Amino acid sequence: MDFSGWGVSVLAAGKGKRMKSSYPKVLIPLLGRPILNYVLDTIGECNFGEIEVVVSPSIRDLVGEIVGNDSRLVLQSEAKGTADAVRVSLQEFPGAVQNIMVVYGDMPLLGSDTLSFLGDYFQRNSCHLAFLTACAPSPTGYGRVIKDEHGLPQAIREEKDCSPQEKQIKEINLGIFAFDRKKLSQLIELVDNRNQQGEYYLTDLVALAREKGYRVEAFEVDWSEEFLNVNHPQDLATVIQTLREKKVNSLWEKGAKIVDPSNLYLDWEVEIGEDVWFKPGVVVEGPSSIGNGSIIGPFARIASTVIGENCRIELSVLEEATLEAGVTVGPFAHLRPGSYLESGVRIGNFVEVKNSTLKEGTKALHLSYLGDAQVGQRVNIGAGTITCNFDGEKKNPTIIQDGAFIGSNSSLVAPVVIGQGAYTAAGSAITKDVPPDALAIGRARQKNVEKWTKRRGKRSSKG
Amino acid sequence: MDFSGWGVSVLAAGKGKRMKSSYPKVLIPLLGRPILNYVLDTIGECNFGEIEVVVSPSIRDLVGEIVGNDSRLVLQSEAKGTADAVRVSLQEFPGAVQNIMVVYGDMPLLGSDTLSFLGDYFQRNSCHLAFLTACAPSPTGYGRVIKDEHGLPQAIREEKDCSPQEKQIKEINLGIFAFDRKKLSQLIELVDNRNQQGEYYLTDLVALAREKGYRVEAFEVDWSEEFLNVNHPQDLATVIQTLREKKVNSLWEKGAKIVDPSNLYLDWEVEIGEDVWFKPGVVVEGPSSIGNGSIIGPFARIASTVIGENCRIELSVLEEATLEAGVTVGPFAHLRPGSYLESGVRIGNFVEVKNSTLKEGTKALHLSYLGDAQVGQRVNIGAGTITCNFDGEKKNPTIIQDGAFIGSNSSLVAPVVIGQGAYTAAGSAITKDVPPDALAIGRARQKNVEKWTKRRGKRSSKG
Amino acid sequence: MDFSGWGVSVLAAGKGKRMKSSYPKVLIPLLGRPILNYVLDTIGECNFGEIEVVVSPSIRDLVGEIVGNDSRLVLQSEAKGTADAVRVSLQEFPGAVQNIMVVYGDMPLLGSDTLSFLGDYFQRNSCHLAFLTACAPSPTGYGRVIKDEHGLPQAIREEKDCSPQEKQIKEINLGIFAFDRKKLSQLIELVDNRNQQGEYYLTDLVALAREKGYRVEAFEVDWSEEFLNVNHPQDLATVIQTLREKKVNSLWEKGAKIVDPSNLYLDWEVEIGEDVWFKPGVVVEGPSSIGNGSIIGPFARIASTVIGENCRIELSVLEEATLEAGVTVGPFAHLRPGSYLESGVRIGNFVEVKNSTLKEGTKALHLSYLGDAQVGQRVNIGAGTITCNFDGEKKNPTIIQDGAFIGSNSSLVAPVVIGQGAYTAAGSAITKDVPPDALAIGRARQKNVEKWTKRRGKRSSKG
């Protein structure tokens, strides 16, 4: 199909009051992507000539950030209804646009086949106005389609304006319209706001077009989740569930081994290699990727992280980190932004890494904090090691060279360099650089006070 | 409806052997509340004049703790059956009570509409005995309703006493009875225990009442989960599932954003503000509340905790803590009882707080233990800081004043005061008070032993 | 039934390409056990005389490890099809074997009743060849059963070789065959590989047997998950789900209290006592057991661990550990292999235990690492205690005797002995043995530098 002569208006100005969100409704994320992005992707697959997104002033900047160069933002200055939104959009389309499709910005499951189908139907039947309808399982809340004795649509009646008889009608308007641009321009000026809401309804165009004798068609399709508008927090949960199932189904061909698909949470953009095992309770966010043969979980949150082949992640949180092949992380590890772990690195329990590189084969297995550190190959970071990277004013670097051995409970007071093959004694505060192959000791000599518990008697002591 | 002349007997003396619980069955918690509480709430909504809970001696004290002043405990000294339980209960009702409703204490999903309906039906039809029945999908285990040629109930037959033909009957007794008190007093003395269990069955009253020519009605309702008795561990799981769905459905109107309703576990009494996000794997217990705009999870257990607005909790455990607005906790943090975090406090990974107050803007981001501490505003708690609050005999306080900077790996040996704006050097044991603006150092000077690894050769060393 | 004269061939040589596994398909674990083990267990329940598992050379050793003495491995040197696999297997059966059953090794849900039924049917009807069929909800991918005008099976046609009409047939071959051995030996040599795959199909035996005039029967059973072959990663998820439900259903009789059965993951071999509570998010692996009255979760991974009565485990990872009664672990604790915790031991947050014994009543509640340690009774391990067990060359033991008190932030440099009732001062590095009842101090004396923050001015400092 050639839709180059078409323009699409995406209605994204609605407030979404029932969502009670501090955030514009169309930007609420589903599997890490705003609702609107799903709609724009669907539209993008159809190759329409022009795309406009109609927004309210208050959300203009936020929506602008996610609408790329393929679309144009159009401002609806007041919330005067859908017909008003289409009117302002119409003014912005270039002259070459001959037909207009109108789509809601809160319909993230809508498929491109459906849009193509309506456009195709419109063209083949030389319609002036065509729209999709369905018999919804529960029509409450939707506009009903009033038909004449020939079965042609006479009007769409918003529920609030329906008579009791009209409320019995099961065929509802799905909110996806195709228009002849010229007719639309003419009709849109005739819409009034004499209804219960005092709004200009796009749906009034059906009756107006019939009055003018234009060719109006309602095409009934099977009801499906595809037509769900996200109006209510429960809709959000429903749509997330559907998208999660789609995402999981895209993984089987990679040979994913998923212990419980209902307990796996992958953002839409996550990419995985072959033969990845997902244990229960795994959340992977953002533009992350997981290499062949890696085993993830049980329990993990992985965000914006690149995981190489044959890695093993358990009960850990990884954020903006990069892991080469064969890295093991966890349980109870936290990789923060800027963690770069070369192949074979092992990060154990209660270890935090931030803005640090650990080279091949290095281990930090217990109760450590590595921040702003450059750690060489085959380094052993003893239990309880802490890089004291913050002096109250700025962050300072720690450099640990290849093959060094950091004794347990060492405090590495940055900036400091631990030379190649050097040792630090357990319990030391290291405040000065340590030359290669040297042993640094920074601890007091032990004294034993004999029979102390007896002398101490019942007094309290500082333990 | 006016039920002020009614008494309700709640039968709660059953042993619940199949639960194999160390605990009385009616006190097993569902979403943090004993089963019996749900039943008492339902009864409470109907405004019956008098409520009695019949218990066995062994569970009297435990049940007594949760039964408030609105109900009276009645003791059934031996487990002689339901008719015996009603008999002892009957003796305790004041004279003003004219009608009696009998309800099982293990039916937590029972709705107050159902009770009201039965009471209303009983009164309007001037019954002497009325009870609810249903056609259960699988009648096994329930008493069957034997009817006469007029469709009136003749008897209820416990399954163990049913003939093979009677076992084919689908209409079962739901166990909810309404009685005229005088007739009940008379009939209850006629019940015998000549049955397979040697028990006095309440259900025998149906046949006895018919023999006397009293007006007996069985009202059939649609089967629903509402009538499920918790007799078996699987029933418990079923009922929890239903209550969880009810709880989740009560959150939508608050604009809750729930990534996966099936992976959210809120106790019945949890309250939430508007626009709260729940990521997967969140358990909230007890009388907790969560403020507007907070984001919880993935993964958390929050118990008896107050969370302010716009907080962020990830992969952490919070118990009896209070968080003001804008507090971030986790991942891998543990707030124990008595933690009070003022607005803007940040608690990071592998940090435990117990019985401590942290004032506005203070941070403890890594590997720390703060116990019995009073921490001022804008304090920086370095990684690895430990309040040594226990001397083997008692707990001692640590006081850290506004703007202090605790160096990494500090041991603060309580009781101790760190003055306003003071510093402690990394790796120090702080045993004496630190004046305001002073620097406290309690660590040994570092020595480097050059070429140590070479001299050491193959000997083992203390690293 | 007596199946002592029967042999069973388990076809386990298939590559399972669609699984994209680095691992032989029949060895992929389901609830901790290889797929093949489930099949062998089912066969074992039927008491067949002889069992052979046909494998390809590449997986021989791996499969050999899990196939016990009850079965014989048979090698199919080339992947030439199922008839070839049966041919090589046939040669290995002792002469006493008169009938042969053929079963796929990737059908883990197959029940022993089904196998017994087919064997019984075969014998009672004096068949030469009998096989099971069903009308599958979606027959795609299965071989279709072609029948003659008498309703007897004429042939099984693999889908790739089906005509369009034959593809319409709903009755499919389930892949479970019983043969008269002599007839099988004769027919198996007649199979050719003139088909689209160039393979020798076992299913061709049906047509060949009919040509010879042998008695061939197809017995149609109801389709069920039992007949699912694990060919595809999605099948794996389906089968795991079914096995998980079976496992959970086996726990009710023990009085298990399961908050959410869909969020509990028990390996097949896990054993539990009575009245165990499972909170959400619990994964128990391997040959683990959980004692009466223990409470597990929310969130835990427990592998190859023995948990005694009345233990309490929350948000922790336990591996190859042993817990006596009344032990509490977590949240955020990690017990590694060789952890032995006597009764009443308490392990708190951010504590790791490895290859260590903690005797009765000992506590390690905060931020500690105990590795290669022998810890006596009633020892208090202060927050931040670290056993420095690794010197860069080998692991050394730490011995802490009864009633000792380890001050916070102690570094115990192994090998070292802390005597009975001894104390170590907070922040000490303990490098020498501490006599009983002595106090060991290994830290520097604190100095306060007054007005330091003022003198320091804008300079950066080492905090």
# chains A, B, ... in the order shown; residues from 1 in each chain; ligands from 1

$ residues_around --residues "Lys247 (chain A)" --least-positions-apart "6" --cutoff "9 Å" --atoms "only C-alpha atoms" --output "list in words"
Leu266, Asp267 and Trp268 of chain A

$ select_by_dssp --residues "region 220-334 of chain C" --states "strand (DSSP E)" --output "MDAnalysis selection string"
chainID C and resid 220 257:258 264:266 271:272 277:278 282:285 289:290 295:296 300:303 306:307 312:313 316:319 322:323 328:329 333:334

$ interface_residues --of "chain A" --to "chain B" --cutoff "6 Å" --atoms "only C-alpha atoms" --output "PyMOL selection string"
chain A and resi 19-21+233+237+388+407+411+425-426+429+437-444+461-463

$ write_last_selection --atoms "N, CA, C and O atoms" --output "mmCIF file, in the first residue's frame"
data_model
loop_
_atom_site.group_PDB
_atom_site.id
_atom_site.type_symbol
_atom_site.label_atom_id
_atom_site.label_comp_id
_atom_site.auth_asym_id
_atom_site.auth_seq_id
_atom_site.Cartn_x
_atom_site.Cartn_y
_atom_site.Cartn_z
ATOM 1 N N MET A 19 -5.713 8.322 35.659
ATOM 2 C CA MET A 19 -4.422 7.718 35.960
ATOM 3 C C MET A 19 -3.803 8.344 37.213
ATOM 4 O O MET A 19 -2.889 7.787 37.780
ATOM 5 N N LYS A 20 -4.274 9.515 37.597
ATOM 6 C CA LYS A 20 -3.728 10.225 38.763
ATOM 7 C C LYS A 20 -2.201 10.287 38.722
ATOM 8 O O LYS A 20 -1.516 10.125 39.731
ATOM 9 N N SER A 21 -1.692 10.521 37.550
ATOM 10 C CA SER A 21 -0.247 10.482 37.367
ATOM 11 C C SER A 21 0.313 11.888 37.374
ATOM 12 O O SER A 21 -0.316 12.818 36.875
ATOM 13 N N PRO A 233 -5.736 2.946 35.565
ATOM 14 C CA PRO A 233 -4.556 2.184 35.997
ATOM 15 C C PRO A 233 -4.678 0.681 35.720
ATOM 16 O O PRO A 233 -3.687 0.021 35.439
ATOM 17 N N ALA A 237 -2.095 -2.130 33.665
ATOM 18 C CA ALA A 237 -1.661 -3.482 34.053
ATOM 19 C C ALA A 237 -2.001 -4.491 32.962
ATOM 20 O O ALA A 237 -1.208 -5.384 32.648
ATOM 21 N N CYS A 388 38.373 4.582 49.829
ATOM 22 C CA CYS A 388 37.877 5.815 50.457
ATOM 23 C C CYS A 388 38.024 6.893 49.413
ATOM 24 O O CYS A 388 39.001 7.636 49.399
ATOM 25 N N GLY A 407 44.806 -6.876 51.393
ATOM 26 C CA GLY A 407 44.421 -7.621 52.592
ATOM 27 C C GLY A 407 43.031 -7.226 53.059
ATOM 28 O O GLY A 407 42.529 -6.127 52.756
ATOM 29 N N SER A 411 41.563 -0.079 54.196
ATOM 30 C CA SER A 411 40.970 1.183 53.751
ATOM 31 C C SER A 411 41.971 1.823 52.803
ATOM 32 O O SER A 411 43.071 2.184 53.233
ATOM 33 N N ALA A 425 48.582 -5.287 54.255
ATOM 34 C CA ALA A 425 48.277 -6.151 55.395
ATOM 35 C C ALA A 425 46.827 -5.961 55.818
ATOM 36 O O ALA A 425 46.273 -4.858 55.728
ATOM 37 N N ALA A 426 46.224 -7.022 56.296
ATOM 38 C CA ALA A 426 44.828 -6.957 56.716
ATOM 39 C C ALA A 426 44.646 -5.866 57.761
ATOM 40 O O ALA A 426 45.509 -5.658 58.623
ATOM 41 N N ALA A 429 45.063 0.941 57.057
ATOM 42 C CA ALA A 429 44.635 2.128 56.325
ATOM 43 C C ALA A 429 45.808 2.527 55.440
ATOM 44 O O ALA A 429 46.906 2.800 55.934
ATOM 45 N N ASP A 437 55.522 -4.834 44.519
ATOM 46 C CA ASP A 437 56.107 -5.924 45.307
ATOM 47 C C ASP A 437 56.358 -5.581 46.768
ATOM 48 O O ASP A 437 56.938 -6.386 47.503
ATOM 49 N N ALA A 438 55.960 -4.407 47.207
ATOM 50 C CA ALA A 438 56.128 -4.061 48.621
ATOM 51 C C ALA A 438 54.949 -4.582 49.432
ATOM 52 O O ALA A 438 53.884 -4.891 48.907
ATOM 53 N N LEU A 439 55.187 -4.658 50.741
ATOM 54 C CA LEU A 439 54.093 -4.934 51.679
ATOM 55 C C LEU A 439 53.809 -3.647 52.437
ATOM 56 O O LEU A 439 54.738 -3.052 53.017
ATOM 57 N N ALA A 440 52.585 -3.210 52.435
ATOM 58 C CA ALA A 440 52.211 -2.013 53.191
ATOM 59 C C ALA A 440 51.465 -2.444 54.436
ATOM 60 O O ALA A 440 50.525 -3.237 54.356
ATOM 61 N N ILE A 441 51.932 -1.918 55.570
ATOM 62 C CA ILE A 441 51.235 -2.206 56.819
ATOM 63 C C ILE A 441 50.807 -0.882 57.426
ATOM 64 O O ILE A 441 51.620 0.029 57.554
ATOM 65 N N GLY A 442 49.578 -0.781 57.816
ATOM 66 C CA GLY A 442 49.103 0.447 58.441
ATOM 67 C C GLY A 442 48.143 0.082 59.549
ATOM 68 O O GLY A 442 46.970 0.410 59.512
ATOM 69 N N ARG A 443 48.671 -0.642 60.514
ATOM 70 C CA ARG A 443 47.810 -1.050 61.614
ATOM 71 C C ARG A 443 48.650 -1.097 62.878
ATOM 72 O O ARG A 443 49.884 -1.188 62.827
ATOM 73 N N ALA A 444 47.966 -1.027 64.013
ATOM 74 C CA ALA A 444 48.672 -1.027 65.291
ATOM 75 C C ALA A 444 49.045 -2.455 65.667
ATOM 76 O O ALA A 444 48.409 -3.415 65.239
ATOM 77 N N SER A 461 32.280 -1.964 79.410
ATOM 78 C CA SER A 461 33.528 -1.725 78.694
ATOM 79 C C SER A 461 33.214 -1.295 77.276
ATOM 80 O O SER A 461 32.113 -1.469 76.775
ATOM 81 N N LYS A 462 34.213 -0.767 76.648
ATOM 82 C CA LYS A 462 34.063 -0.402 75.237
ATOM 83 C C LYS A 462 34.540 -1.544 74.376
ATOM 84 O O LYS A 462 35.742 -1.728 74.211
ATOM 85 N N GLY A 463 33.606 -2.327 73.883
ATOM 86 C CA GLY A 463 33.975 -3.487 73.058
ATOM 87 C C GLY A 463 34.178 -3.127 71.632
ATOM 88 O O GLY A 463 34.279 -3.992 70.811
#

$ residues_around --residues "Asp402 (chain B)" --least-positions-apart "3" --cutoff "6 Å" --atoms "only C-alpha atoms" --output "NGL selection string"
:B and (376-377 or 379 or 420)

$ decode --residues "region 293-309 of chain A" --atoms "N, CA and C atoms" --output "mmCIF file, in the first residue's frame"
data_model
loop_
_atom_site.group_PDB
_atom_site.id
_atom_site.type_symbol
_atom_site.label_atom_id
_atom_site.label_comp_id
_atom_site.auth_asym_id
_atom_site.auth_seq_id
_atom_site.Cartn_x
_atom_site.Cartn_y
_atom_site.Cartn_z
ATOM 1 N N GLY A 293 24.356 -18.173 26.400
ATOM 2 C CA GLY A 293 24.710 -19.113 27.461
ATOM 3 C C GLY A 293 24.761 -18.519 28.849
ATOM 4 N N SER A 294 24.386 -17.270 29.022
ATOM 5 C CA SER A 294 24.412 -16.699 30.368
ATOM 6 C C SER A 294 23.229 -17.208 31.184
ATOM 7 N N ILE A 295 23.416 -17.217 32.500
ATOM 8 C CA ILE A 295 22.381 -17.692 33.414
ATOM 9 C C ILE A 295 22.050 -16.540 34.352
ATOM 10 N N ILE A 296 20.786 -16.146 34.357
ATOM 11 C CA ILE A 296 20.389 -14.939 35.088
ATOM 12 C C ILE A 296 19.370 -15.319 36.155
ATOM 13 N N GLY A 297 19.642 -14.911 37.379
ATOM 14 C CA GLY A 297 18.697 -15.129 38.460
ATOM 15 C C GLY A 297 19.026 -16.366 39.255
ATOM 16 N N PRO A 298 18.184 -16.769 40.209
ATOM 17 C CA PRO A 298 16.942 -16.092 40.542
ATOM 18 C C PRO A 298 17.201 -14.725 41.169
ATOM 19 N N PHE A 299 16.277 -13.825 40.867
ATOM 20 C CA PHE A 299 16.238 -12.481 41.406
ATOM 21 C C PHE A 299 17.392 -11.635 40.861
ATOM 22 N N ALA A 300 17.052 -10.616 40.148
ATOM 23 C CA ALA A 300 18.034 -9.654 39.673
ATOM 24 C C ALA A 300 17.288 -8.487 39.073
ATOM 25 N N ARG A 301 17.907 -7.318 39.178
ATOM 26 C CA ARG A 301 17.487 -6.183 38.355
ATOM 27 C C ARG A 301 18.696 -5.763 37.560
ATOM 28 N N ILE A 302 18.519 -5.726 36.267
ATOM 29 C CA ILE A 302 19.616 -5.416 35.352
ATOM 30 C C ILE A 302 19.132 -4.282 34.482
ATOM 31 N N ALA A 303 19.815 -3.149 34.528
ATOM 32 C CA ALA A 303 19.346 -1.981 33.789
ATOM 33 C C ALA A 303 20.463 -1.434 32.922
ATOM 34 N N SER A 304 20.181 -1.204 31.656
ATOM 35 C CA SER A 304 21.116 -0.558 30.740
ATOM 36 C C SER A 304 22.507 -1.170 30.834
ATOM 37 N N THR A 305 22.540 -2.472 30.804
ATOM 38 C CA THR A 305 23.796 -3.198 31.040
ATOM 39 C C THR A 305 24.060 -4.177 29.899
ATOM 40 N N VAL A 306 25.329 -4.312 29.567
ATOM 41 C CA VAL A 306 25.748 -5.267 28.550
ATOM 42 C C VAL A 306 26.390 -6.453 29.254
ATOM 43 N N ILE A 307 25.820 -7.624 29.048
ATOM 44 C CA ILE A 307 26.327 -8.841 29.683
ATOM 45 C C ILE A 307 26.859 -9.756 28.600
ATOM 46 N N GLY A 308 28.093 -10.197 28.748
ATOM 47 C CA GLY A 308 28.725 -11.035 27.728
ATOM 48 C C GLY A 308 28.254 -12.476 27.795
ATOM 49 N N GLU A 309 28.984 -13.338 27.115
ATOM 50 C CA GLU A 309 28.617 -14.754 27.066
ATOM 51 C C GLU A 309 28.959 -15.463 28.373
#
